[in-house]
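Working notes for the structure below.
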Amino acid sequence: MEVILKEDVAKLGSRGDVVKVAEGYGRNFLLPRKLAIEADAGNKAVIEQMKAASVRRSATEKAQAEELAKQFEGVSVSFHRKAGEHDQLFGSVTSGDIAEALIKKGLNIDRRKIQLHDPLKTMGEFSVPMKLHKDVTAHLKVVIEKEAVAE
């Protein structure tokens with residue numbers, strides 16, 4: 001089945017591309033979610049307009065992402081967590097925790113843009129990448145410190 005992508009789809013293609021996909025994937029996933037339209041003669045004529053609009057939209061999105069990346073320069077978030085021997089945390093620091101800390105600082109970012117493959121489970125200082133746009137990645141400094149224990 002040939003479809004025209006209306007949005008960027010990871011590991012498949014970008015907006016405006018004509019791609020071949022399995023019948024079930026196209027019919028049950030891409031089409032109902034309005035991520036693609038069927039590639040027929042009428043829709044192929046629309047591709048050129050979509051590509052022109054896509055280039056303009058991508059340029060503005062990239063400019064916005066670069067502005068957002070400038071806001072993250074020099075920003076760091078710190079967490080105080082309970083830890084056991086060898087500085088292992090009881091629990092972990094996840095991308096959701098980092099997103100919450102950024103919101104408290106007045107920087108709104110979706111937690112899915114924080115590229116934290118595994119939760120942080122040790123004490124220390126980490127550089128966490130944030131993918132703001134397909135061409136723009138900012139790095140955030142995350143510091144995890146041991147929580148003071150009252151005796």
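Each chain in the structure tokens gets a letter, A, B, ..., in the order shown, and its residues are numbered from 1; ligands are numbered from 1 in order too.
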
Review point. Which polymer residues have any atom within 10 Å of an atom of Glu7 in chain A, counting only C-alpha atoms, with same-chain residues fewer than 5 positions away left out, as a ChimeraX atom specification?
Key: /A:13-17,30,34-36,54

Grab the residues selected above and save them as a CSV table (one decimal), in the first residue's frame with all heavy atoms.
chain,number,residue,atom,x,y,z
A,13,GLY,N,9.4,8.0,7.6
A,13,GLY,CA,9.6,9.1,6.7
A,13,GLY,C,9.2,10.4,7.2
A,13,GLY,O,8.7,10.5,8.3
A,14,SER,N,9.4,11.5,6.4
A,14,SER,CA,9.0,12.8,6.9
A,14,SER,C,7.7,13.2,6.1
A,14,SER,O,7.3,12.6,5.1
A,14,SER,CB,10.1,13.8,6.7
A,14,SER,OG,10.5,13.8,5.4
A,15,ARG,N,7.2,14.4,6.5
A,15,ARG,CA,6.0,14.9,6.0
A,15,ARG,C,6.1,15.1,4.5
A,15,ARG,O,7.1,15.6,4.0
A,15,ARG,CB,5.8,16.3,6.6
A,15,ARG,CG,4.5,16.9,6.5
A,15,ARG,CD,4.4,18.2,7.2
A,15,ARG,NE,4.5,18.0,8.6
A,15,ARG,CZ,5.0,18.9,9.5
A,15,ARG,NH1,5.6,20.0,9.0
A,15,ARG,NH2,5.1,18.7,10.8
A,16,GLY,N,5.1,14.6,3.7
A,16,GLY,CA,5.1,14.8,2.3
A,16,GLY,C,5.7,13.6,1.5
A,16,GLY,O,5.6,13.6,0.3
A,17,ASP,N,6.4,12.7,2.2
A,17,ASP,CA,7.0,11.5,1.5
A,17,ASP,C,5.9,10.5,1.1
A,17,ASP,O,4.9,10.3,1.8
A,17,ASP,CB,8.0,10.8,2.4
A,17,ASP,CG,9.2,11.6,2.6
A,17,ASP,OD1,9.4,12.7,1.9
A,17,ASP,OD2,10.0,11.2,3.5
A,30,LEU,N,-1.8,4.3,10.4
A,30,LEU,CA,-1.6,5.6,9.8
A,30,LEU,C,-2.8,6.4,9.4
A,30,LEU,O,-2.9,7.6,9.7
A,30,LEU,CB,-0.6,5.4,8.6
A,30,LEU,CG,0.8,4.9,8.9
A,30,LEU,CD1,1.5,4.6,7.6
A,30,LEU,CD2,1.5,5.8,9.8
A,34,LYS,N,-4.7,10.0,11.1
A,34,LYS,CA,-4.5,11.1,10.2
A,34,LYS,C,-3.0,11.4,10.0
A,34,LYS,O,-2.7,12.6,9.9
A,34,LYS,CB,-5.3,12.3,10.7
A,34,LYS,CG,-6.8,12.0,10.9
A,34,LYS,CD,-7.6,12.8,10.0
A,34,LYS,CE,-9.1,12.7,10.3
A,34,LYS,NZ,-9.7,11.5,9.9
A,35,LEU,N,-2.2,10.4,10.1
A,35,LEU,CA,-0.8,10.6,9.9
A,35,LEU,C,-0.4,10.5,8.4
A,35,LEU,O,0.6,10.9,8.0
A,35,LEU,CB,0.1,9.6,10.7
A,35,LEU,CG,0.0,9.6,12.2
A,35,LEU,CD1,0.7,8.5,12.8
A,35,LEU,CD2,0.5,11.0,12.7
A,36,ALA,N,-1.3,9.9,7.6
A,36,ALA,CA,-1.1,9.7,6.2
A,36,ALA,C,-2.4,9.7,5.5
A,36,ALA,O,-3.5,9.5,6.1
A,36,ALA,CB,-0.4,8.4,6.0
A,54,SER,N,5.2,22.3,4.2
A,54,SER,CA,6.1,21.6,5.1
A,54,SER,C,7.4,22.3,5.3
A,54,SER,O,7.9,22.4,6.4
A,54,SER,CB,6.3,20.1,4.7
A,54,SER,OG,7.2,19.5,5.5

Check your understanding: chain A: which residues are alpha helix (DSSP H) by DSSP, as a PyMOL selection string?
Key -> chain A and resi 23-25+41-71+95-104

Report as an mmCIF file with N, CA, C and O atoms, in the first residue's frame all protein, DNA and RNA residues lying within 8 Å of Ile109 in chain A, evaluated on only C-alpha atoms, omitting residues in the same chain fewer than 6 positions from it.
data_model
loop_
_atom_site.group_PDB
_atom_site.id
_atom_site.type_symbol
_atom_site.label_atom_id
_atom_site.label_comp_id
_atom_site.auth_asym_id
_atom_site.auth_seq_id
_atom_site.Cartn_x
_atom_site.Cartn_y
_atom_site.Cartn_z
ATOM 1 N N ALA A 99 11.217 16.942 33.841
ATOM 2 C CA ALA A 99 10.233 17.854 33.236
ATOM 3 C C ALA A 99 9.505 18.652 34.317
ATOM 4 O O ALA A 99 9.283 19.856 34.158
ATOM 5 N N LEU A 102 11.757 21.374 35.602
ATOM 6 C CA LEU A 102 11.866 22.463 34.626
ATOM 7 C C LEU A 102 10.618 23.339 34.642
ATOM 8 O O LEU A 102 10.714 24.562 34.497
ATOM 9 N N ILE A 103 9.458 22.739 34.827
ATOM 10 C CA ILE A 103 8.219 23.510 34.892
ATOM 11 C C ILE A 103 8.242 24.427 36.113
ATOM 12 O O ILE A 103 7.813 25.575 36.042
#

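Note that the spacing between CA of Ile37 in chain A and CA of Lys62 in chain A amounts to 25.1 Å.
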
Check your understanding: So what do you get for CA of Lys146 in chain A versus CA of Ser92 in chain A, distance-wise?
Key -> 12.3 Å

Exercise for review: Please provide as a list in words all residues within 10 Å of range 63-65 of chain A, with the sequence filter that same-chain residues fewer than 3 positions apart are discarded (counting only C-alpha atoms).
Suggested key: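 With the cut-off at 10 Å, the set is Arg57, Ser58, Ala59, Thr60, Leu68, Ala69, Lys70, Gln71, Lys131, Leu132, His133, Lys134, Asp135, Val136, Thr137 and Ala138 of chain A.
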
Could you save those same residues with N, CA and C atoms as a CSV table (one decimal), in the first residue's frame?
chain,number,residue,atom,x,y,z
A,57,ARG,N,6.8,25.4,7.4
A,57,ARG,CA,6.5,25.0,8.8
A,57,ARG,C,7.7,24.5,9.5
A,58,SER,N,8.5,23.7,8.8
A,58,SER,CA,9.7,23.2,9.4
A,58,SER,C,10.7,24.3,9.8
A,59,ALA,N,10.8,25.3,8.9
A,59,ALA,CA,11.7,26.4,9.2
A,59,ALA,C,11.3,27.2,10.4
A,60,THR,N,10.0,27.4,10.6
A,60,THR,CA,9.6,28.1,11.7
A,60,THR,C,9.7,27.3,13.0
A,68,LEU,N,14.3,28.1,22.0
A,68,LEU,CA,14.1,27.3,23.2
A,68,LEU,C,15.5,26.7,23.7
A,69,ALA,N,16.3,26.3,22.8
A,69,ALA,CA,17.6,25.7,23.2
A,69,ALA,C,18.5,26.8,23.8
A,70,LYS,N,18.4,28.1,23.4
A,70,LYS,CA,19.1,29.1,24.0
A,70,LYS,C,18.7,29.4,25.4
A,71,GLN,N,17.4,29.1,25.7
A,71,GLN,CA,16.9,29.3,27.1
A,71,GLN,C,17.5,28.2,28.0
A,131,LYS,N,15.8,16.6,22.8
A,131,LYS,CA,15.6,16.7,21.3
A,131,LYS,C,14.4,17.6,21.1
A,132,LEU,N,14.7,18.9,20.8
A,132,LEU,CA,13.6,19.9,20.6
A,132,LEU,C,13.1,19.9,19.2
A,133,HIS,N,13.9,19.5,18.3
A,133,HIS,CA,13.5,19.4,16.8
A,133,HIS,C,14.4,18.4,16.2
A,134,LYS,N,14.1,17.9,15.1
A,134,LYS,CA,14.9,16.8,14.5
A,134,LYS,C,16.4,17.3,14.2
A,135,ASP,N,16.6,18.6,14.1
A,135,ASP,CA,18.0,19.1,13.9
A,135,ASP,C,18.5,19.9,15.1
A,136,VAL,N,17.7,20.0,16.2
A,136,VAL,CA,18.1,20.8,17.3
A,136,VAL,C,18.1,20.0,18.6
A,137,THR,N,19.2,19.9,19.3
A,137,THR,CA,19.3,19.1,20.5
A,137,THR,C,20.0,20.0,21.5
A,138,ALA,N,19.4,20.2,22.7
A,138,ALA,CA,20.0,21.0,23.8
A,138,ALA,C,20.4,20.0,24.9

Practice item. Tell me which of A:Ser95, A:Ser127, A:Gln115, A:Gln49 sits closest to Gly74 in chain A, counting only C-alpha atoms. Key: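 Closest to Gly74 in chain A, using only C-alpha atoms: A:Ser127.
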
**Study point:** Long-range neighbours of Ile47 in chain A as a list in words, 12 Å cut-off, only C-alpha atoms, 2 positions minimum in chain
**Key:**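 Using only C-alpha atoms, the neighbours found are Val3, Ile4, Leu5, Lys6, Arg15, Gly16, Asp17, Val18, Ala36, Ile37, Glu38, Ala39, Asp40, Ala41, Gly42, Asn43, Lys44, Ala45, Gln49, Met50, Lys51, Ala52, Ala53 and Ser54 of chain A.
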
Exercise for review: Give me, please, the distance in Å between CA of Val128 in chain A and CA of Leu140 in chain A, quoted to one decimal.
Suggested key: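 Value for the CA of Val128 in chain A-CA of Leu140 in chain A distance: 5.1 Å.
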
Practice item. Write out as a VMD selection string all residues of chain A that DSSP puts in strand (DSSP E or B) for this structure's backbone. Key: chain A and resid 2 to 5 9 13 18 to 20 36 to 38 76 to 81 83 88 to 93 114 120 to 122 124 to 133 136 to 146

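The smallest atom-to-atom distance between Leu120 in chain A and any of A:Leu107, A:Ala101, A:Val142, A:Val77, using only C-alpha atoms, is found for A:Val142.
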
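Minimum atom-to-atom distances from A:Met1, A:Val46, A:Met123, A:Lys141 to Glu85 in chain A were compared using only C-alpha atoms, and the lowest value belongs to A:Met123.
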
Review point. Which one of A:Glu100, A:Glu2, A:Glu145, A:Asp8 sits closest to Phe79 in chain A if you count only C-alpha atoms?
Key: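 Closest candidate: A:Glu145.
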